[in-house]
file query.pdb (PDB, C-alpha atoms, pLDDT in the B column)
ATOM      1  CA  MET Q  22     -21.263  28.091  46.416  1.00 42.00           C
ATOM      2  CA  PHE Q  23     -18.944  25.588  44.701  1.00 47.00           C
ATOM      3  CA  LYS Q  24     -15.411  25.099  46.003  1.00 52.00           C
ATOM      4  CA  ALA Q  25     -12.870  23.573  43.627  1.00 55.00           C
ATOM      5  CA  THR Q  26     -11.029  21.863  46.472  1.00 52.00           C
ATOM      6  CA  SER Q  27     -11.255  21.840  50.236  1.00 64.00           C
ATOM      7  CA  SER Q  28      -8.701  23.689  52.301  1.00 85.00           C
ATOM      8  CA  ARG Q  29      -7.740  20.413  53.978  1.00 89.00           C
ATOM      9  CA  ALA Q  30      -7.120  18.727  50.627  1.00 89.00           C
ATOM     10  CA  ALA Q  31      -4.983  21.660  49.491  1.00 91.00           C
ATOM     11  CA  ALA Q  32      -2.966  21.507  52.719  1.00 94.00           C
ATOM     12  CA  TYR Q  33      -2.445  17.767  52.260  1.00 95.00           C
ATOM     13  CA  ARG Q  34      -1.248  18.351  48.691  1.00 94.00           C
ATOM     14  CA  ARG Q  35       1.213  20.999  49.910  1.00 95.00           C
ATOM     15  CA  LYS Q  36       2.565  18.547  52.484  1.00 96.00           C
ATOM     16  CA  ALA Q  37       2.880  15.894  49.762  1.00 96.00           C
ATOM     17  CA  ALA Q  38       4.809  18.313  47.579  1.00 95.00           C
ATOM     18  CA  THR Q  39       7.166  19.067  50.462  1.00 95.00           C
ATOM     19  CA  CYS Q  40       7.782  15.360  51.004  1.00 96.00           C
ATOM     20  CA  GLY Q  41       8.503  14.949  47.302  1.00 94.00           C
ATOM     21  CA  ASP Q  42      10.998  17.817  47.350  1.00 94.00           C
ATOM     22  CA  LEU Q  43      12.722  16.416  50.419  1.00 95.00           C
ATOM     23  CA  ALA Q  44      12.849  12.942  48.852  1.00 95.00           C
ATOM     24  CA  ALA Q  45      14.669  14.378  45.854  1.00 93.00           C
ATOM     25  CA  CYS Q  46      17.377  15.689  48.205  1.00 93.00           C
ATOM     26  CA  ALA Q  47      17.508  12.701  50.565  1.00 93.00           C
ATOM     27  CA  GLN Q  48      20.969  11.331  51.305  1.00 94.00           C
ATOM     28  CA  SER Q  49      20.039   7.695  51.857  1.00 94.00           C
ATOM     29  CA  ALA Q  50      17.754   5.347  49.979  1.00 94.00           C
ATOM     30  CA  MET Q  51      15.870   4.503  53.172  1.00 96.00           C
ATOM     31  CA  ASP Q  52      15.107   8.180  53.841  1.00 95.00           C
ATOM     32  CA  ARG Q  53      14.024   8.635  50.226  1.00 95.00           C
ATOM     33  CA  GLU Q  54      11.648   5.659  50.402  1.00 95.00           C
ATOM     34  CA  GLN Q  55      10.130   6.871  53.666  1.00 96.00           C
ATOM     35  CA  LEU Q  56       9.540  10.361  52.252  1.00 96.00           C
ATOM     36  CA  LEU Q  57       8.001   8.963  49.073  1.00 95.00           C
ATOM     37  CA  THR Q  58       5.723   6.767  51.186  1.00 96.00           C
ATOM     38  CA  MET Q  59       4.687   9.816  53.195  1.00 96.00           C
ATOM     39  CA  ARG Q  60       4.034  11.676  49.927  1.00 96.00           C
ATOM     40  CA  ARG Q  61       1.725   8.920  48.694  1.00 95.00           C
ATOM     41  CA  SER Q  62      -0.063   8.928  52.049  1.00 96.00           C
ATOM     42  CA  TRP Q  63      -0.683  12.709  51.945  1.00 95.00           C
ATOM     43  CA  LEU Q  64      -1.994  12.457  48.376  1.00 93.00           C
ATOM     44  CA  ALA Q  65      -4.348   9.648  49.417  1.00 93.00           C
ATOM     45  CA  ARG Q  66      -5.659  11.799  52.285  1.00 94.00           C
ATOM     46  CA  ALA Q  67      -6.218  14.701  49.876  1.00 91.00           C
ATOM     47  CA  ALA Q  68      -8.157  12.424  47.525  1.00 89.00           C
ATOM     48  CA  SER Q  69     -10.223  11.210  50.472  1.00 90.00           C
ATOM     49  CA  GLU Q  70     -11.080  14.798  51.455  1.00 90.00           C
ATOM     50  CA  ASP Q  71     -12.122  15.552  47.866  1.00 86.00           C
ATOM     51  CA  TRP Q  72     -14.333  12.451  47.881  1.00 83.00           C
ATOM     52  CA  ARG Q  73     -15.946  13.530  51.170  1.00 84.00           C
ATOM     53  CA  ASP Q  74     -16.648  16.931  49.657  1.00 79.00           C
ATOM     54  CA  GLY Q  75     -18.272  15.271  46.645  1.00 80.00           C
ATOM     55  CA  LEU Q  76     -15.627  16.451  44.182  1.00 73.00           C
ATOM     56  CA  PRO Q  77     -14.473  14.356  41.218  1.00 71.00           C
ATOM     57  CA  PRO Q  78     -11.002  12.788  41.482  1.00 68.00           C
ATOM     58  CA  MET Q  79      -8.126  14.957  40.306  1.00 67.00           C
ATOM     59  CA  PRO Q  80      -6.278  13.693  37.230  1.00 67.00           C
ATOM     60  CA  PRO Q  81      -2.725  12.449  37.788  1.00 67.00           C
ATOM     61  CA  VAL Q  82      -0.076  15.119  37.406  1.00 66.00           C
ATOM     62  CA  ARG Q  83       3.124  14.522  35.512  1.00 65.00           C
ATOM     63  CA  THR Q  84       6.034  16.209  37.173  1.00 63.00           C
ATOM     64  CA  LYS Q  85       8.615  18.023  35.109  1.00 61.00           C
ATOM     65  CA  ALA Q  86      11.315  17.348  37.689  1.00 58.00           C
ATOM     66  CA  LEU Q  87      14.119  14.942  37.023  1.00 57.00           C
ATOM     67  CA  SER Q  88      13.673  11.409  38.251  1.00 59.00           C
ATOM     68  CA  VAL Q  89      15.535  10.407  41.373  1.00 58.00           C
ATOM     69  CA  VAL Q  90      18.009   7.688  40.552  1.00 57.00           C
ATOM     70  CA  PRO Q  91      18.715   5.313  43.455  1.00 59.00           C
ATOM     71  CA  LEU Q  92      22.373   4.973  44.369  1.00 54.00           C
TER      72      LEU Q  92
END
call {"tool": "encode", "arguments": {"input": "query.pdb", "output": "structure tokens"}}
result
Amino acid sequence: MFKATSSRAAAYRRKAATCGDLAACAQSAMDREQLLTMRRSWLARAASEDWRDGLPPMPPVRTKALSVVPL
């Protein structure tokens, strides 16, 4: 049976999405940077899980959200 993605990878991607949403609402630049770093870390863990499961890498996704402009 072929699984498109592991449950761990999906959970890591959900956590990354949450970090991205929180970064968009962050009050300070330092908080925003920390959340974006956490987002990148969760996405890297998801890619690692996919690799362990023998799945091909997922293509990059372009977000339709507005860019966060630093203050």
call {"tool": "residues_around", "arguments": {"input": "query.pdb", "residues": "Q:Arg35", "least_positions_apart": "3", "cutoff": "10 Å", "atoms": "all atoms listed in the file", "output": "list in words"}}
result
Arg29, Ala30, Ala31, Ala32, Ala38, Thr39, Cys40, Gly41, Arg60, Trp63, Leu64 and Ala67 of chain Q
call {"tool": "closest_residue", "arguments": {"input": "query.pdb", "among": "Q:Gly75, Q:Ser28, Q:Arg66, Q:Arg61", "to": "Q:Ala44", "atoms": "all atoms listed in the file"}}
result
Q:Arg61
call {"tool": "resolve_selection", "arguments": {"input": "query.pdb", "expression": "the PyMOL selection byres ((chain Q and resi 68) around 10)", "output": "list in words"}}
result
Thr26, Ala30, Ala31, Tyr33, Arg34, Ser62, Trp63, Leu64, Ala65, Arg66, Ala67, Ser69, Glu70, Asp71, Trp72, Arg73, Asp74, Leu76, Pro77, Pro78 and Met79 of chain Q
call {"tool": "axis_aligned_box", "arguments": {"input": "query.pdb", "around": "stretch 36-45 of chain Q", "padding_each_side": "3 Å", "output": "AutoDock Vina command-line options"}}
result
--center_x 8.6 --center_y 16.0 --center_z 49.2 --size_x 18.1 --size_y 12.1 --size_z 12.6
call {"tool": "build_atoms", "arguments": {"input": "query.pdb", "residues": "stretch 41-65 of chain Q", "atoms": "N, CA, C and O atoms", "output": "PDB file, in the frame of the given file"}}
result
ATOM      1  N   GLY Q  41       7.879  15.264  48.580  1.00 94.00           N
ATOM      2  CA  GLY Q  41       8.503  14.949  47.302  1.00 94.00           C
ATOM      3  C   GLY Q  41       9.788  15.724  47.091  1.00 94.00           C
ATOM      4  O   GLY Q  41      10.789  15.176  46.606  1.00 94.00           O
ATOM      5  N   ASP Q  42       9.788  17.008  47.473  1.00 94.00           N
ATOM      6  CA  ASP Q  42      10.998  17.817  47.350  1.00 94.00           C
ATOM      7  C   ASP Q  42      12.103  17.297  48.261  1.00 94.00           C
ATOM      8  O   ASP Q  42      13.267  17.226  47.869  1.00 94.00           O
ATOM      9  N   LEU Q  43      11.727  16.944  49.484  1.00 95.00           N
ATOM     10  CA  LEU Q  43      12.722  16.416  50.419  1.00 95.00           C
ATOM     11  C   LEU Q  43      13.261  15.067  49.955  1.00 95.00           C
ATOM     12  O   LEU Q  43      14.445  14.772  50.131  1.00 95.00           O
ATOM     13  N   ALA Q  44      12.404  14.247  49.350  1.00 95.00           N
ATOM     14  CA  ALA Q  44      12.849  12.942  48.852  1.00 95.00           C
ATOM     15  C   ALA Q  44      13.875  13.112  47.741  1.00 95.00           C
ATOM     16  O   ALA Q  44      14.820  12.323  47.636  1.00 95.00           O
ATOM     17  N   ALA Q  45      13.717  14.142  46.941  1.00 93.00           N
ATOM     18  CA  ALA Q  45      14.669  14.378  45.854  1.00 93.00           C
ATOM     19  C   ALA Q  45      16.051  14.733  46.392  1.00 93.00           C
ATOM     20  O   ALA Q  45      17.059  14.491  45.726  1.00 93.00           O
ATOM     21  N   CYS Q  46      16.104  15.282  47.600  1.00 93.00           N
ATOM     22  CA  CYS Q  46      17.377  15.689  48.205  1.00 93.00           C
ATOM     23  C   CYS Q  46      17.871  14.716  49.274  1.00 93.00           C
ATOM     24  O   CYS Q  46      18.894  14.978  49.911  1.00 93.00           O
ATOM     25  N   ALA Q  47      17.157  13.634  49.490  1.00 93.00           N
ATOM     26  CA  ALA Q  47      17.508  12.701  50.565  1.00 93.00           C
ATOM     27  C   ALA Q  47      18.878  12.072  50.317  1.00 93.00           C
ATOM     28  O   ALA Q  47      19.235  11.765  49.181  1.00 93.00           O
ATOM     29  N   GLN Q  48      19.618  11.883  51.404  1.00 94.00           N
ATOM     30  CA  GLN Q  48      20.969  11.331  51.305  1.00 94.00           C
ATOM     31  C   GLN Q  48      20.965   9.811  51.188  1.00 94.00           C
ATOM     32  O   GLN Q  48      21.793   9.243  50.494  1.00 94.00           O
ATOM     33  N   SER Q  49      20.044   9.158  51.875  1.00 94.00           N
ATOM     34  CA  SER Q  49      20.039   7.695  51.857  1.00 94.00           C
ATOM     35  C   SER Q  49      18.784   7.176  51.155  1.00 94.00           C
ATOM     36  O   SER Q  49      17.754   7.850  51.103  1.00 94.00           O
ATOM     37  N   ALA Q  50      18.885   5.968  50.665  1.00 94.00           N
ATOM     38  CA  ALA Q  50      17.754   5.347  49.979  1.00 94.00           C
ATOM     39  C   ALA Q  50      16.601   5.099  50.936  1.00 94.00           C
ATOM     40  O   ALA Q  50      15.430   5.231  50.559  1.00 94.00           O
ATOM     41  N   MET Q  51      16.919   4.765  52.193  1.00 96.00           N
ATOM     42  CA  MET Q  51      15.870   4.503  53.172  1.00 96.00           C
ATOM     43  C   MET Q  51      15.077   5.787  53.475  1.00 96.00           C
ATOM     44  O   MET Q  51      13.851   5.753  53.557  1.00 96.00           O
ATOM     45  N   ASP Q  52      15.792   6.902  53.616  1.00 95.00           N
ATOM     46  CA  ASP Q  52      15.107   8.180  53.841  1.00 95.00           C
ATOM     47  C   ASP Q  52      14.227   8.540  52.643  1.00 95.00           C
ATOM     48  O   ASP Q  52      13.100   9.005  52.796  1.00 95.00           O
ATOM     49  N   ARG Q  53      14.764   8.324  51.451  1.00 95.00           N
ATOM     50  CA  ARG Q  53      14.024   8.635  50.226  1.00 95.00           C
ATOM     51  C   ARG Q  53      12.745   7.816  50.146  1.00 95.00           C
ATOM     52  O   ARG Q  53      11.664   8.348  49.862  1.00 95.00           O
ATOM     53  N   GLU Q  54      12.827   6.528  50.440  1.00 95.00           N
ATOM     54  CA  GLU Q  54      11.648   5.659  50.402  1.00 95.00           C
ATOM     55  C   GLU Q  54      10.603   6.084  51.423  1.00 95.00           C
ATOM     56  O   GLU Q  54       9.411   6.090  51.146  1.00 95.00           O
ATOM     57  N   GLN Q  55      11.066   6.445  52.624  1.00 96.00           N
ATOM     58  CA  GLN Q  55      10.130   6.871  53.666  1.00 96.00           C
ATOM     59  C   GLN Q  55       9.420   8.158  53.253  1.00 96.00           C
ATOM     60  O   GLN Q  55       8.205   8.289  53.429  1.00 96.00           O
ATOM     61  N   LEU Q  56      10.154   9.103  52.685  1.00 96.00           N
ATOM     62  CA  LEU Q  56       9.540  10.361  52.252  1.00 96.00           C
ATOM     63  C   LEU Q  56       8.570  10.138  51.090  1.00 96.00           C
ATOM     64  O   LEU Q  56       7.516  10.771  51.032  1.00 96.00           O
ATOM     65  N   LEU Q  57       8.909   9.247  50.184  1.00 95.00           N
ATOM     66  CA  LEU Q  57       8.001   8.963  49.073  1.00 95.00           C
ATOM     67  C   LEU Q  57       6.740   8.254  49.564  1.00 95.00           C
ATOM     68  O   LEU Q  57       5.645   8.498  49.044  1.00 95.00           O
ATOM     69  N   THR Q  58       6.888   7.408  50.584  1.00 96.00           N
ATOM     70  CA  THR Q  58       5.723   6.767  51.186  1.00 96.00           C
ATOM     71  C   THR Q  58       4.833   7.802  51.861  1.00 96.00           C
ATOM     72  O   THR Q  58       3.606   7.761  51.730  1.00 96.00           O
ATOM     73  N   MET Q  59       5.455   8.739  52.561  1.00 96.00           N
ATOM     74  CA  MET Q  59       4.687   9.816  53.195  1.00 96.00           C
ATOM     75  C   MET Q  59       3.971  10.659  52.142  1.00 96.00           C
ATOM     76  O   MET Q  59       2.819  11.061  52.327  1.00 96.00           O
ATOM     77  N   ARG Q  60       4.643  10.904  51.011  1.00 96.00           N
ATOM     78  CA  ARG Q  60       4.034  11.676  49.927  1.00 96.00           C
ATOM     79  C   ARG Q  60       2.778  10.985  49.405  1.00 96.00           C
ATOM     80  O   ARG Q  60       1.732  11.612  49.232  1.00 96.00           O
ATOM     81  N   ARG Q  61       2.887   9.675  49.168  1.00 95.00           N
ATOM     82  CA  ARG Q  61       1.725   8.920  48.694  1.00 95.00           C
ATOM     83  C   ARG Q  61       0.597   8.956  49.715  1.00 95.00           C
ATOM     84  O   ARG Q  61      -0.579   9.065  49.351  1.00 95.00           O
ATOM     85  N   SER Q  62       0.944   8.891  50.991  1.00 96.00           N
ATOM     86  CA  SER Q  62      -0.063   8.928  52.049  1.00 96.00           C
ATOM     87  C   SER Q  62      -0.790  10.273  52.074  1.00 96.00           C
ATOM     88  O   SER Q  62      -2.023  10.328  52.194  1.00 96.00           O
ATOM     89  N   TRP Q  63      -0.048  11.379  51.964  1.00 95.00           N
ATOM     90  CA  TRP Q  63      -0.683  12.709  51.945  1.00 95.00           C
ATOM     91  C   TRP Q  63      -1.594  12.862  50.730  1.00 95.00           C
ATOM     92  O   TRP Q  63      -2.680  13.444  50.821  1.00 95.00           O
ATOM     93  N   LEU Q  64      -1.154  12.358  49.580  1.00 93.00           N
ATOM     94  CA  LEU Q  64      -1.994  12.457  48.376  1.00 93.00           C
ATOM     95  C   LEU Q  64      -3.267  11.627  48.525  1.00 93.00           C
ATOM     96  O   LEU Q  64      -4.335  12.032  48.060  1.00 93.00           O
ATOM     97  N   ALA Q  65      -3.158  10.477  49.184  1.00 93.00           N
ATOM     98  CA  ALA Q  65      -4.348   9.648  49.417  1.00 93.00           C
ATOM     99  C   ALA Q  65      -5.320  10.367  50.350  1.00 93.00           C
ATOM    100  O   ALA Q  65      -6.539  10.314  50.157  1.00 93.00           O
TER     101      ALA Q  65
END
